[in-house]
$ cat input_2.cif   # mmCIF, C-alpha atoms
data_upload
#
loop_
_atom_site.group_PDB
_atom_site.id
_atom_site.type_symbol
_atom_site.label_atom_id
_atom_site.label_comp_id
_atom_site.auth_asym_id
_atom_site.auth_seq_id
_atom_site.Cartn_x
_atom_site.Cartn_y
_atom_site.Cartn_z
ATOM 1 C CA MET T 1 163.290 106.810 166.929
ATOM 2 C CA ALA T 2 161.198 103.951 165.583
ATOM 3 C CA LEU T 3 159.932 101.449 168.129
ATOM 4 C CA CYS T 4 161.136 98.529 166.040
ATOM 5 C CA LEU T 5 164.690 99.816 166.452
ATOM 6 C CA ILE T 6 164.621 100.127 170.246
ATOM 7 C CA SER T 7 162.275 97.519 171.624
ATOM 8 C CA GLY T 8 162.462 94.404 169.486
ATOM 9 C CA LEU T 9 159.842 91.799 168.694
ATOM 10 C CA PRO T 10 157.715 91.890 171.899
ATOM 11 C CA ALA T 11 156.603 95.481 171.278
ATOM 12 C CA GLN T 12 155.878 94.772 167.626
ATOM 13 C CA ALA T 13 153.903 91.705 168.662
ATOM 14 C CA ARG T 14 151.767 93.899 170.924
ATOM 15 C CA VAL T 15 150.930 96.125 167.978
ATOM 16 C CA LEU T 16 150.108 93.168 165.723
ATOM 17 C CA LEU T 17 147.829 91.706 168.395
ATOM 18 C CA GLU T 18 146.117 95.076 168.688
ATOM 19 C CA PHE T 19 145.391 95.122 164.943
ATOM 20 C CA LEU T 20 144.233 91.506 164.947
ATOM 21 C CA HIS T 21 141.771 92.003 167.799
ATOM 22 C CA LEU T 22 140.458 95.223 166.245
ATOM 23 C CA GLN T 23 139.644 93.390 162.998
ATOM 24 C CA MET T 24 137.989 90.578 164.954
ATOM 25 C CA GLY T 25 135.916 92.966 167.044
ATOM 26 C CA ASN T 26 137.604 91.965 170.304
ATOM 27 C CA PHE T 27 137.750 95.539 171.563
ATOM 28 C CA GLU T 28 138.751 94.841 175.170
ATOM 29 C CA GLU T 29 141.814 92.947 173.978
ATOM 30 C CA ALA T 30 142.571 95.536 171.300
ATOM 31 C CA GLU T 31 142.458 98.329 173.883
ATOM 32 C CA LYS T 32 144.721 96.376 176.220
ATOM 33 C CA HIS T 33 147.374 95.921 173.556
ATOM 34 C CA ALA T 34 147.011 99.534 172.366
ATOM 35 C CA ASN T 35 147.764 100.737 175.888
ATOM 36 C CA ALA T 36 150.715 98.368 176.119
ATOM 37 C CA ALA T 37 152.157 99.635 172.832
ATOM 38 C CA LEU T 38 151.675 103.279 173.840
ATOM 39 C CA SER T 39 153.404 102.615 177.157
ATOM 40 C CA ILE T 40 156.536 101.907 175.089
ATOM 41 C CA GLN T 41 156.181 104.618 172.455
ATOM 42 C CA SER T 42 153.629 107.417 172.659
ATOM 43 C CA ASP T 43 155.291 110.430 170.994
ATOM 44 C CA LEU T 44 153.134 112.590 168.757
ATOM 45 C CA LEU T 45 154.359 115.207 166.309
ATOM 46 C CA ASP T 46 153.160 118.752 166.909
ATOM 47 C CA PHE T 47 152.017 119.742 163.441
ATOM 48 C CA ASN T 48 152.601 123.386 164.375
ATOM 49 C CA ASN T 49 156.315 122.602 164.142
ATOM 50 C CA ILE T 50 156.192 120.982 160.690
ATOM 51 C CA ASN T 51 157.288 123.138 157.741
ATOM 52 C CA SER T 52 154.445 123.166 155.221
ATOM 53 C CA ASP T 53 156.711 124.827 152.636
ATOM 54 C CA ASN T 54 158.534 121.542 152.067
ATOM 55 C CA ALA T 55 157.256 119.496 149.150
ATOM 56 C CA TYR T 56 157.016 116.491 151.492
ATOM 57 C CA PRO T 57 156.699 117.874 155.030
ATOM 58 C CA PHE T 58 157.268 114.776 157.176
ATOM 59 C CA ASP T 59 160.706 113.391 158.028
ATOM 60 C CA LEU T 60 161.668 109.788 157.440
ATOM 61 C CA LEU T 61 161.523 107.821 160.719
ATOM 62 C CA ASN T 62 159.944 110.745 162.526
ATOM 63 C CA ASP T 63 158.997 110.433 166.201
ATOM 64 C CA GLU T 64 155.626 108.851 165.466
ATOM 65 C CA VAL T 65 156.937 105.966 163.388
ATOM 66 C CA VAL T 66 156.744 102.614 165.164
ATOM 67 C CA PHE T 67 157.502 100.376 162.195
ATOM 68 C CA HIS T 68 158.570 101.679 158.811
ATOM 69 C CA SER T 69 157.167 100.153 155.637
ATOM 70 C CA THR T 70 156.132 101.517 152.251
ATOM 71 C CA MET T 71 153.852 100.624 149.373
ATOM 72 C CA TYR T 72 153.024 101.753 145.876
ATOM 73 C CA PRO T 73 151.603 103.656 143.970
ATOM 74 C CA PHE T 74 153.301 107.005 144.335
ATOM 75 C CA SER T 75 151.484 109.822 146.118
ATOM 76 C CA GLN T 76 152.128 112.319 143.323
ATOM 77 C CA TYR T 77 149.457 110.563 141.242
ATOM 78 C CA ILE T 78 146.758 110.494 143.929
ATOM 79 C CA LYS T 79 144.109 113.109 143.306
ATOM 80 C CA ILE T 80 141.875 114.119 146.195
ATOM 81 C CA SER T 81 138.210 114.948 145.690
ATOM 82 C CA PRO T 82 137.285 118.529 146.647
ATOM 83 C CA GLU T 83 134.451 117.128 148.780
ATOM 84 C CA PHE T 84 136.868 115.160 150.963
ATOM 85 C CA TYR T 85 139.382 118.022 151.052
ATOM 86 C CA ASP T 86 136.679 120.359 152.339
ATOM 87 C CA THR T 87 135.998 118.132 155.364
ATOM 88 C CA TYR T 88 139.165 119.617 156.883
ATOM 89 C CA GLN T 89 138.544 122.977 158.558
ATOM 90 C CA THR T 90 140.730 126.050 158.066
ATOM 91 C CA ASN T 91 142.848 125.679 161.227
ATOM 92 C CA ASP T 92 143.227 121.930 160.840
ATOM 93 C CA LEU T 93 146.927 121.664 159.935
ATOM 94 C CA ARG T 94 146.366 118.325 158.234
ATOM 95 C CA LYS T 95 144.746 120.257 155.400
ATOM 96 C CA ASP T 96 148.010 122.050 154.548
ATOM 97 C CA LEU T 97 150.454 119.285 155.444
ATOM 98 C CA PHE T 98 148.664 116.353 153.821
ATOM 99 C CA PHE T 99 147.756 118.028 150.542
ATOM 100 C CA SER T 100 149.024 120.350 147.855
ATOM 101 C CA ASN T 101 146.316 122.439 146.233
ATOM 102 C CA GLU T 102 147.350 124.265 143.090
ATOM 103 C CA GLU T 103 145.032 125.351 140.295
ATOM 104 C CA SER T 104 142.207 123.242 141.729
ATOM 105 C CA LEU T 105 144.317 120.072 141.521
ATOM 106 C CA ILE T 106 144.521 118.557 144.995
ATOM 107 C CA LEU T 107 147.229 115.927 145.506
ATOM 108 C CA PHE T 108 148.232 113.909 148.556
ATOM 109 C CA ARG T 109 151.726 114.625 149.900
ATOM 110 C CA GLY T 110 151.488 113.561 153.555
ATOM 111 C CA SER T 111 153.450 110.307 153.456
ATOM 112 C CA TYR T 112 155.645 109.546 156.461
ATOM 113 C CA ASP T 113 158.212 108.233 153.974
ATOM 114 C CA ALA T 114 159.400 111.818 153.281
ATOM 115 C CA ASN T 115 158.862 111.475 149.521
ATOM 116 C CA ILE T 116 156.334 110.337 146.952
ATOM 117 C CA THR T 117 156.295 106.721 148.185
ATOM 118 C CA LEU T 118 153.309 105.933 150.407
ATOM 119 C CA PHE T 119 153.982 105.053 154.056
ATOM 120 C CA ALA T 120 152.270 101.803 155.032
ATOM 121 C CA GLY T 121 153.893 101.119 158.365
ATOM 122 C CA ILE T 122 152.721 101.683 161.929
ATOM 123 C CA ALA T 123 152.756 105.032 163.716
ATOM 124 C CA THR T 124 151.541 106.310 167.070
ATOM 125 C CA ASP T 125 148.790 108.408 165.471
ATOM 126 C CA GLU T 126 147.067 105.156 164.535
ATOM 127 C CA LEU T 127 147.630 103.707 168.006
ATOM 128 C CA TYR T 128 145.898 106.684 169.647
ATOM 129 C CA LEU T 129 142.951 106.386 167.281
ATOM 130 C CA ILE T 130 142.618 102.651 167.924
ATOM 131 C CA LYS T 131 142.766 103.306 171.660
ATOM 132 C CA ALA T 132 140.042 105.960 171.388
ATOM 133 C CA GLU T 133 137.835 103.727 169.223
ATOM 134 C CA CYS T 134 138.122 100.823 171.624
ATOM 135 C CA GLU T 135 137.377 103.027 174.643
ATOM 136 C CA ALA T 136 134.212 104.245 172.907
ATOM 137 C CA ARG T 137 133.162 100.721 171.989
ATOM 138 C CA ASN T 138 133.867 99.572 175.553
ATOM 139 C CA ASN T 139 131.400 102.182 176.909
ATOM 140 C CA ARG T 140 134.000 104.650 178.140
ATOM 141 C CA GLU T 141 133.015 107.577 175.943
ATOM 142 C CA ASP T 142 134.432 110.305 178.212
ATOM 143 C CA GLN T 143 137.805 108.564 178.198
ATOM 144 C CA ALA T 144 137.571 108.018 174.438
ATOM 145 C CA LEU T 145 136.934 111.712 173.769
ATOM 146 C CA SER T 146 139.808 112.648 176.088
ATOM 147 C CA THR T 147 142.141 110.382 174.093
ATOM 148 C CA LEU T 148 140.840 111.801 170.813
ATOM 149 C CA ASN T 149 141.217 115.400 171.995
ATOM 150 C CA SER T 150 144.783 114.810 173.190
ATOM 151 C CA PHE T 151 145.624 113.517 169.738
ATOM 152 C CA LEU T 152 143.827 116.225 167.742
ATOM 153 C CA GLU T 153 145.365 119.077 169.721
ATOM 154 C CA THR T 154 148.641 118.234 167.988
ATOM 155 C CA ARG T 155 146.993 118.485 164.561
ATOM 156 C CA TRP T 156 145.436 121.949 164.824
ATOM 157 C CA THR T 157 146.822 125.478 164.975
ATOM 158 C CA THR T 158 147.709 126.175 168.604
ATOM 159 C CA GLY T 159 144.670 127.467 170.472
ATOM 160 C CA ALA T 160 142.239 126.885 167.594
ATOM 161 C CA PHE T 161 141.075 123.352 168.341
ATOM 162 C CA VAL T 162 137.665 123.045 169.980
ATOM 163 C CA PRO T 163 137.638 119.749 171.925
ATOM 164 C CA TYR T 164 134.944 117.166 171.471
ATOM 165 C CA THR T 165 132.741 117.187 174.606
ATOM 166 C CA GLN T 166 129.637 115.149 175.321
ATOM 167 C CA SER T 167 129.458 113.942 171.743
ATOM 168 C CA GLU T 168 126.137 112.542 170.543
ATOM 169 C CA ASN T 169 128.106 109.695 169.011
ATOM 170 C CA ALA T 170 131.733 109.511 170.081
ATOM 171 C CA LEU T 171 132.413 106.448 167.942
ATOM 172 C CA ASP T 172 131.284 108.210 164.761
ATOM 173 C CA ASP T 173 133.501 111.194 165.571
ATOM 174 C CA ILE T 174 136.502 108.936 166.161
ATOM 175 C CA LEU T 175 135.953 106.983 162.944
ATOM 176 C CA LYS T 176 135.652 110.259 161.028
ATOM 177 C CA GLU T 177 138.969 111.477 162.431
ATOM 178 C CA ARG T 178 140.546 108.084 161.756
ATOM 179 C CA ARG T 179 139.724 108.399 158.076
ATOM 180 C CA LYS T 180 141.039 111.979 157.942
ATOM 181 C CA SER T 181 144.304 111.099 159.706
ATOM 182 C CA LEU T 182 145.244 107.706 158.274
ATOM 183 C CA LEU T 183 144.508 108.099 154.592
ATOM 184 C CA PHE T 184 146.671 106.205 152.108
ATOM 185 C CA ARG T 185 148.180 103.943 154.782
ATOM 186 C CA GLY T 186 146.692 100.749 153.322
ATOM 187 C CA LEU T 187 144.029 100.647 156.053
ATOM 188 C CA ARG T 188 140.828 101.744 154.345
ATOM 189 C CA TRP T 189 140.025 98.367 152.761
ATOM 190 C CA MET T 190 140.190 96.532 156.082
ATOM 191 C CA ASP T 191 138.243 99.306 157.807
ATOM 192 C CA LEU T 192 135.494 99.031 155.206
ATOM 193 C CA LYS T 193 135.336 95.254 155.653
ATOM 194 C CA ARG T 194 135.021 95.381 159.439
ATOM 195 C CA LEU T 195 132.681 98.386 159.573
ATOM 196 C CA ASN T 196 130.390 96.904 156.917
ATOM 197 C CA LEU T 197 129.484 94.270 159.492
ATOM 198 C CA GLU T 198 127.762 97.029 161.502
ATOM 199 C CA ASN T 199 124.527 98.287 159.948
ATOM 200 C CA VAL T 200 125.096 101.890 161.051
ATOM 201 C CA HIS T 201 128.509 102.028 159.364
ATOM 202 C CA THR T 202 127.920 100.271 156.038
ATOM 203 C CA THR T 203 129.343 101.952 152.948
ATOM 204 C CA THR T 204 128.544 101.427 149.285
ATOM 205 C CA LEU T 205 131.480 102.407 147.089
ATOM 206 C CA GLU T 206 130.675 103.981 143.733
ATOM 207 C CA ARG T 207 133.033 104.758 140.865
ATOM 208 C CA ASN T 208 132.512 106.020 137.330
ATOM 209 C CA LEU T 209 134.943 104.963 134.630
ATOM 210 C CA LEU T 210 134.603 105.722 130.923
ATOM 211 C CA GLY T 211 130.904 106.346 131.274
ATOM 212 C CA GLU T 212 130.266 103.144 133.234
ATOM 213 C CA SER T 213 129.077 103.200 136.849
ATOM 214 C CA TYR T 214 130.371 100.552 139.262
ATOM 215 C CA GLN T 215 129.289 99.744 142.803
ATOM 216 C CA LEU T 216 130.795 97.662 145.574
ATOM 217 C CA GLU T 217 128.038 96.742 148.003
ATOM 218 C CA PRO T 218 128.651 96.174 151.726
ATOM 219 C CA ASN T 219 129.793 92.613 152.468
ATOM 220 C CA SER T 220 130.063 91.777 148.784
ATOM 221 C CA PRO T 221 131.986 88.561 147.996
ATOM 222 C CA LYS T 222 134.321 90.842 146.047
ATOM 223 C CA TYR T 223 135.807 91.924 149.387
ATOM 224 C CA ALA T 224 137.343 88.448 149.741
ATOM 225 C CA PHE T 225 141.002 88.214 148.786
ATOM 226 C CA PRO T 226 141.698 85.419 146.284
ATOM 227 C CA ILE T 227 143.659 82.459 147.573
ATOM 228 C CA PRO T 228 146.993 82.211 145.699
ATOM 229 C CA ASP T 229 146.834 79.859 142.715
ATOM 230 C CA ASP T 230 149.739 77.728 143.953
ATOM 231 C CA VAL T 231 147.902 77.114 147.243
ATOM 232 C CA ILE T 232 144.784 76.069 145.306
ATOM 233 C CA SER T 233 146.933 73.749 143.160
ATOM 234 C CA MET T 234 148.689 72.101 146.104
ATOM 235 C CA SER T 235 145.694 71.786 148.412
ATOM 236 C CA GLY T 236 142.709 71.418 146.135
ATOM 237 C CA ILE T 237 140.673 73.814 148.284
ATOM 238 C CA GLN T 238 137.968 75.930 146.700
ATOM 239 C CA GLN T 239 138.819 79.463 145.611
ATOM 240 C CA ASN T 240 137.157 82.355 147.399
ATOM 241 C CA VAL T 241 134.054 83.590 145.616
ATOM 242 C CA ARG T 242 134.880 86.777 143.737
#
$ encode --input "input_2.cif" --output "C-alpha coordinates"
Amino acid sequence: MALCLISGLPAQARVLLEFLHLQMGNFEEAEKHANAALSIQSDLLDFNNINSDNAYPFDLLNDEVVFHSTMYPFSQYIKISPEFYDTYQTNDLRKDLFFSNEESLILFRGSYDANITLFAGIATDELYLIKAECEARNNREDQALSTLNSFLETRWTTGAFVPYTQSENALDDILKERRKSLLFRGLRWMDLKRLNLENVHTTTLERNLLGESYQLEPNSPKYAFPIPDDVISMSGIQQNVR
(Lines of atoms letter the chains of each structure in order from A and count residues from 1; the text may use other names and numbers.)
(Lines give C-alpha, C1' and ligand atoms only; values in the text may rest on other atoms or scores of the structure.)
Protein backbone atom coordinates (compact mmCIF):
# COMPACT_ATOMS: atom_id res chain seq x y z
CA MET A 1 0.00 0.00 0.00
CA ALA A 2 1.27 3.47 -0.83
CA LEU A 3 2.81 5.43 2.02
CA CYS A 4 0.73 8.48 1.22
CA LEU A 5 -2.39 6.44 1.97
CA ILE A 6 -1.29 5.17 5.39
CA SER A 7 0.97 7.75 6.96
CA GLY A 8 -0.18 11.21 5.95
CA LEU A 9 1.77 14.40 5.45
CA PRO A 10 4.66 13.91 7.95
CA ALA A 11 6.03 10.91 6.04
CA GLN A 12 5.67 12.68 2.71
CA ALA A 13 7.43 15.70 4.18
CA ARG A 14 10.35 13.48 5.16
CA VAL A 15 10.67 12.31 1.57
CA LEU A 16 10.48 15.86 0.20
CA LEU A 17 13.16 17.00 2.64
CA GLU A 18 15.32 14.09 1.52
CA PHE A 19 15.04 15.17 -2.12
CA LEU A 20 15.67 18.82 -1.27
CA HIS A 21 18.84 18.11 0.70
CA LEU A 22 20.11 15.74 -2.00
CA GLN A 23 19.79 18.48 -4.63
CA MET A 24 21.51 20.96 -2.32
CA GLY A 25 24.36 18.58 -1.54
CA ASN A 26 23.47 18.33 2.15
CA PHE A 27 24.13 14.60 2.27
CA GLU A 28 24.03 14.11 6.05
CA GLU A 29 20.54 15.59 6.16
CA ALA A 30 19.46 13.69 3.06
CA GLU A 31 20.61 10.41 4.58
CA LYS A 32 18.81 11.18 7.83
CA HIS A 33 15.51 11.77 6.06
CA ALA A 34 16.02 8.74 3.78
CA ASN A 35 16.39 6.54 6.85
CA ALA A 36 13.31 8.11 8.41
CA ALA A 37 11.24 7.48 5.28
CA LEU A 38 12.45 3.88 5.01
CA SER A 39 11.58 3.29 8.66
CA ILE A 40 7.95 3.86 7.62
CA GLN A 41 7.95 2.07 4.28
CA SER A 42 10.82 -0.11 3.08
CA ASP A 43 9.19 -2.86 0.97
CA LEU A 44 10.95 -3.88 -2.22
CA LEU A 45 9.48 -5.96 -5.02
CA ASP A 46 11.26 -9.21 -5.80
CA PHE A 47 11.57 -9.01 -9.56
CA ASN A 48 11.74 -12.81 -9.67
CA ASN A 49 8.03 -12.76 -8.86
CA ILE A 50 7.02 -10.31 -11.60
CA ASN A 51 5.48 -11.79 -14.76
CA SER A 52 7.54 -10.59 -17.72
CA ASP A 53 4.92 -11.94 -20.14
CA ASN A 54 2.59 -9.06 -19.28
CA ALA A 55 2.78 -6.11 -21.64
CA TYR A 56 3.22 -3.83 -18.61
CA PRO A 57 4.64 -6.00 -15.81
CA PHE A 58 4.25 -3.75 -12.76
CA ASP A 59 1.00 -3.36 -10.81
CA LEU A 60 -0.55 0.00 -10.06
CA LEU A 61 0.19 1.03 -6.45
CA ASN A 62 2.56 -1.89 -5.99
CA ASP A 63 4.39 -2.36 -2.69
CA GLU A 64 7.21 0.01 -3.61
CA VAL A 65 5.03 3.01 -4.39
CA VAL A 66 5.24 5.75 -1.77
CA PHE A 67 3.44 8.48 -3.68
CA HIS A 68 1.70 7.92 -6.99
CA SER A 69 2.00 10.47 -9.78
CA THR A 70 2.29 10.28 -13.56
CA MET A 71 3.59 12.34 -16.45
CA TYR A 72 3.61 12.35 -20.21
CA PRO A 73 4.72 11.34 -22.86
CA PHE A 74 3.64 7.74 -23.18
CA SER A 75 6.22 4.98 -22.76
CA GLN A 76 5.20 3.23 -25.98
CA TYR A 77 6.97 5.97 -27.95
CA ILE A 78 10.25 5.88 -26.01
CA LYS A 79 12.96 4.11 -27.94
CA ILE A 80 15.99 2.85 -26.04
CA SER A 81 19.47 2.95 -27.54
CA PRO A 82 21.08 -0.50 -27.94
CA GLU A 83 24.16 0.84 -26.13
CA PHE A 84 22.17 1.64 -22.99
CA TYR A 85 20.16 -1.59 -23.24
CA ASP A 86 23.40 -3.59 -23.33
CA THR A 87 24.55 -2.14 -19.99
CA TYR A 88 22.11 -4.58 -18.36
CA GLN A 89 23.59 -8.06 -17.95
CA THR A 90 21.78 -11.28 -18.87
CA ASN A 91 20.54 -12.18 -15.37
CA ASP A 92 19.58 -8.62 -14.51
CA LEU A 93 15.77 -8.88 -14.49
CA ARG A 94 15.42 -5.17 -15.17
CA LYS A 95 16.48 -5.92 -18.74
CA ASP A 96 13.37 -8.06 -19.38
CA LEU A 97 10.90 -6.18 -17.18
CA PHE A 98 11.80 -2.62 -18.19
CA PHE A 99 12.03 -3.16 -21.93
CA SER A 100 10.42 -4.91 -24.86
CA ASN A 101 12.86 -5.91 -27.58
CA GLU A 102 11.28 -7.02 -30.83
CA GLU A 103 12.91 -6.84 -34.25
CA SER A 104 15.71 -4.66 -32.88
CA LEU A 105 13.22 -2.04 -31.66
CA ILE A 106 13.73 -1.56 -27.93
CA LEU A 107 10.93 0.24 -26.09
CA PHE A 108 10.51 1.15 -22.43
CA ARG A 109 7.61 -0.59 -20.65
CA GLY A 110 8.66 -0.49 -16.98
CA SER A 111 6.33 2.21 -15.67
CA TYR A 112 4.92 1.70 -12.18
CA ASP A 113 1.64 3.07 -13.55
CA ALA A 114 0.80 -0.37 -15.02
CA ASN A 115 0.28 1.04 -18.53
CA ILE A 116 1.87 3.30 -21.11
CA THR A 117 1.75 6.40 -18.88
CA LEU A 118 5.08 7.16 -17.21
CA PHE A 119 5.28 6.91 -13.41
CA ALA A 120 6.74 10.06 -11.89
CA GLY A 121 5.98 9.51 -8.24
CA ILE A 122 8.11 8.28 -5.35
CA ALA A 123 8.99 4.65 -4.69
CA THR A 124 11.20 2.81 -2.22
CA ASP A 125 13.69 1.81 -4.93
CA GLU A 126 14.66 5.47 -5.18
CA LEU A 127 14.84 5.82 -1.40
CA TYR A 128 17.32 2.93 -1.15
CA LEU A 129 19.48 4.43 -3.88
CA ILE A 130 19.47 7.85 -2.23
CA LYS A 131 20.39 6.23 1.08
CA ALA A 132 23.28 4.35 -0.56
CA GLU A 133 24.52 7.47 -2.36
CA CYS A 134 24.50 9.52 0.81
CA GLU A 135 26.29 6.80 2.78
CA ALA A 136 29.02 6.75 0.13
CA ARG A 137 29.32 10.53 0.12
CA ASN A 138 29.43 10.54 3.93
CA ASN A 139 32.49 8.22 3.87
CA ARG A 140 30.65 5.04 4.82
CA GLU A 141 31.40 3.05 1.68
CA ASP A 142 31.01 -0.40 3.27
CA GLN A 143 27.55 0.56 4.50
CA ALA A 144 26.71 2.11 1.12
CA LEU A 145 27.64 -1.08 -0.75
CA SER A 146 25.62 -3.15 1.73
CA THR A 147 22.57 -0.96 1.06
CA LEU A 148 23.14 -1.18 -2.69
CA ASN A 149 23.56 -4.96 -2.60
CA SER A 150 20.39 -5.44 -0.56
CA PHE A 151 18.51 -3.49 -3.19
CA LEU A 152 20.06 -5.16 -6.25
CA GLU A 153 19.49 -8.68 -4.94
CA THR A 154 15.79 -8.09 -5.60
CA ARG A 155 16.50 -7.10 -9.21
CA TRP A 156 18.52 -10.12 -10.35
CA THR A 157 17.70 -13.77 -10.98
CA THR A 158 17.90 -15.56 -7.63
CA GLY A 159 21.46 -16.65 -6.94
CA ALA A 160 22.95 -14.86 -9.95
CA PHE A 161 23.79 -11.48 -8.44
CA VAL A 162 27.44 -10.93 -7.55
CA PRO A 163 27.54 -8.32 -4.75
CA TYR A 164 29.66 -5.22 -4.96
CA THR A 165 32.59 -5.61 -2.53
CA GLN A 166 35.47 -3.25 -1.91
CA SER A 167 34.54 -1.14 -4.90
CA GLU A 168 37.22 1.17 -6.30
CA ASN A 169 34.56 3.86 -6.44
CA ALA A 170 31.35 3.02 -4.62
CA LEU A 171 29.73 6.33 -5.54
CA ASP A 172 30.21 5.73 -9.26
CA ASP A 173 28.69 2.25 -8.94
CA ILE A 174 25.68 3.62 -7.07
CA LEU A 175 25.10 6.41 -9.59
CA LYS A 176 25.32 3.88 -12.42
CA GLU A 177 22.68 1.70 -10.78
CA ARG A 178 20.55 4.75 -10.04
CA ARG A 179 20.41 5.59 -13.73
CA LYS A 180 19.59 1.97 -14.66
CA SER A 181 16.82 1.68 -12.06
CA LEU A 182 15.09 5.07 -12.16
CA LEU A 183 14.88 5.81 -15.86
CA PHE A 184 11.91 7.81 -17.13
CA ARG A 185 10.87 8.94 -13.64
CA GLY A 186 11.49 12.64 -14.34
CA LEU A 187 14.74 12.56 -12.34
CA ARG A 188 17.49 12.62 -14.95
CA TRP A 189 17.40 16.38 -15.57
CA MET A 190 17.87 17.21 -11.89
CA ASP A 191 20.55 14.54 -11.54
CA LEU A 192 22.46 16.03 -14.46
CA LYS A 193 22.23 19.51 -12.94
CA ARG A 194 23.54 18.47 -9.53
CA LEU A 195 26.21 16.07 -10.81
CA ASN A 196 27.50 18.63 -13.32
CA LEU A 197 28.70 20.62 -10.32
CA GLU A 198 31.24 17.84 -9.66
CA ASN A 199 34.09 17.72 -12.17
CA VAL A 200 34.31 13.91 -12.12
CA HIS A 201 30.62 13.53 -13.00
CA THR A 202 30.08 16.18 -15.68
CA THR A 203 28.13 15.11 -18.76
CA THR A 204 27.86 16.73 -22.17
CA LEU A 205 24.61 15.78 -23.88
CA GLU A 206 24.71 15.33 -27.65
CA ARG A 207 21.80 14.87 -30.04
CA ASN A 208 21.54 14.71 -33.82
CA LEU A 209 18.37 15.92 -35.49
CA LEU A 210 17.82 16.24 -39.23
CA GLY A 211 21.53 16.31 -39.89
CA GLU A 212 22.23 18.95 -37.23
CA SER A 213 24.32 18.19 -34.14
CA TYR A 214 23.37 19.80 -30.83
CA GLN A 215 25.22 19.86 -27.52
CA LEU A 216 24.24 20.79 -24.00
CA GLU A 217 27.39 21.58 -22.05
CA PRO A 218 27.71 21.02 -18.29
CA ASN A 219 26.34 23.96 -16.28
CA SER A 220 25.00 25.66 -19.39
CA PRO A 221 22.53 28.51 -18.74
CA LYS A 222 20.09 26.39 -20.74
CA TYR A 223 19.69 24.20 -17.65
CA ALA A 224 17.85 27.07 -15.94
CA PHE A 225 14.07 26.80 -15.98
CA PRO A 226 12.38 29.95 -17.30
CA ILE A 227 10.45 32.01 -14.79
CA PRO A 228 6.74 32.06 -15.75
CA ASP A 229 5.80 35.09 -17.84
CA ASP A 230 3.07 36.19 -15.42
CA VAL A 231 5.61 36.28 -12.58
CA ILE A 232 7.94 38.41 -14.72
CA SER A 233 5.01 40.72 -15.55
CA MET A 234 3.89 41.15 -11.95
CA SER A 235 7.32 41.46 -10.35
CA GLY A 236 9.52 43.00 -12.99
CA ILE A 237 12.35 40.59 -12.15
CA GLN A 238 14.80 39.56 -14.84
CA GLN A 239 14.17 36.33 -16.74
CA ASN A 240 16.61 33.47 -16.31
CA VAL A 241 19.27 33.40 -19.00
CA ARG A 242 18.41 30.72 -21.54
$ residues_around --input "input_2.cif" --residues "Leu97 in chain T" --least-positions-apart "5" --cutoff "8 Å" --atoms "all atoms listed in the file" --output "PyMOL selection string"
chain T and resi 50+52+57+109-110
$ resolve_selection --input "input_2.cif" --expression "the PyMOL selection byres ((chain T and resi 132-134) around 10)" --output "PyMOL selection string"
chain T and resi 22+25-32+34+126-131+135-149+151+170-175+178
$ residues_around --input "input_2.cif" --residues "Met24 in chain T" --least-positions-apart "5" --cutoff "12 Å" --atoms "only C-alpha atoms" --output "list in words"
Leu17, Glu18, Phe19, Glu29, Ala30, Met190, Asp191, Lys193, Arg194, Leu195 and Leu197 of chain T
$ write_last_selection --input "input_2.cif" --atoms "C-alpha atoms" --output "PDB file, in the frame of the given file"
ATOM      1  CA  LEU T  17     147.829  91.706 168.395  1.00  0.00           C
ATOM      2  CA  GLU T  18     146.117  95.076 168.688  1.00  0.00           C
ATOM      3  CA  PHE T  19     145.391  95.122 164.943  1.00  0.00           C
ATOM      4  CA  GLU T  29     141.814  92.947 173.978  1.00  0.00           C
ATOM      5  CA  ALA T  30     142.571  95.536 171.300  1.00  0.00           C
ATOM      6  CA  MET T 190     140.190  96.532 156.082  1.00  0.00           C
ATOM      7  CA  ASP T 191     138.243  99.306 157.807  1.00  0.00           C
ATOM      8  CA  LYS T 193     135.336  95.254 155.653  1.00  0.00           C
ATOM      9  CA  ARG T 194     135.021  95.381 159.439  1.00  0.00           C
ATOM     10  CA  LEU T 195     132.681  98.386 159.573  1.00  0.00           C
ATOM     11  CA  LEU T 197     129.484  94.270 159.492  1.00  0.00           C
TER      12      LEU T 197
END
$ atom_distance --input "input_2.cif" --atom1 "CA of Arg188 in chain T" --atom2 "CA of Phe58 in chain T"
21.2 Å
$ resolve_selection --input "input_2.cif" --expression "the PyMOL selection byres ((chain T and resi 123) around 12)" --output "ChimeraX atom specification"
/T:1-4,12,15,34,37-38,41-45,60-69,111-113,119-122,124-130,181-182,185
$ atom_distance --input "input_2.cif" --atom1 "CA of Phe184 in chain T" --atom2 "CA of Tyr56 in chain T"
14.6 Å
$ atom_distance --input "input_2.cif" --atom1 "CA of Asp96 in chain T" --atom2 "CA of Asp53 in chain T"
9.3 Å
$ resolve_selection --input "input_2.cif" --expression "the PyMOL selection byres ((chain T and resi 47) around 7)" --output "PDB file with C-alpha atoms, in the coordinates of the input"
ATOM      1  CA  LEU T  45     154.359 115.207 166.309  1.00  0.00           C
ATOM      2  CA  ASP T  46     153.160 118.752 166.909  1.00  0.00           C
ATOM      3  CA  ASN T  48     152.601 123.386 164.375  1.00  0.00           C
ATOM      4  CA  ASN T  49     156.315 122.602 164.142  1.00  0.00           C
ATOM      5  CA  ILE T  50     156.192 120.982 160.690  1.00  0.00           C
ATOM      6  CA  LEU T  93     146.927 121.664 159.935  1.00  0.00           C
ATOM      7  CA  THR T 154     148.641 118.234 167.988  1.00  0.00           C
ATOM      8  CA  ARG T 155     146.993 118.485 164.561  1.00  0.00           C
TER       9      ARG T 155
END
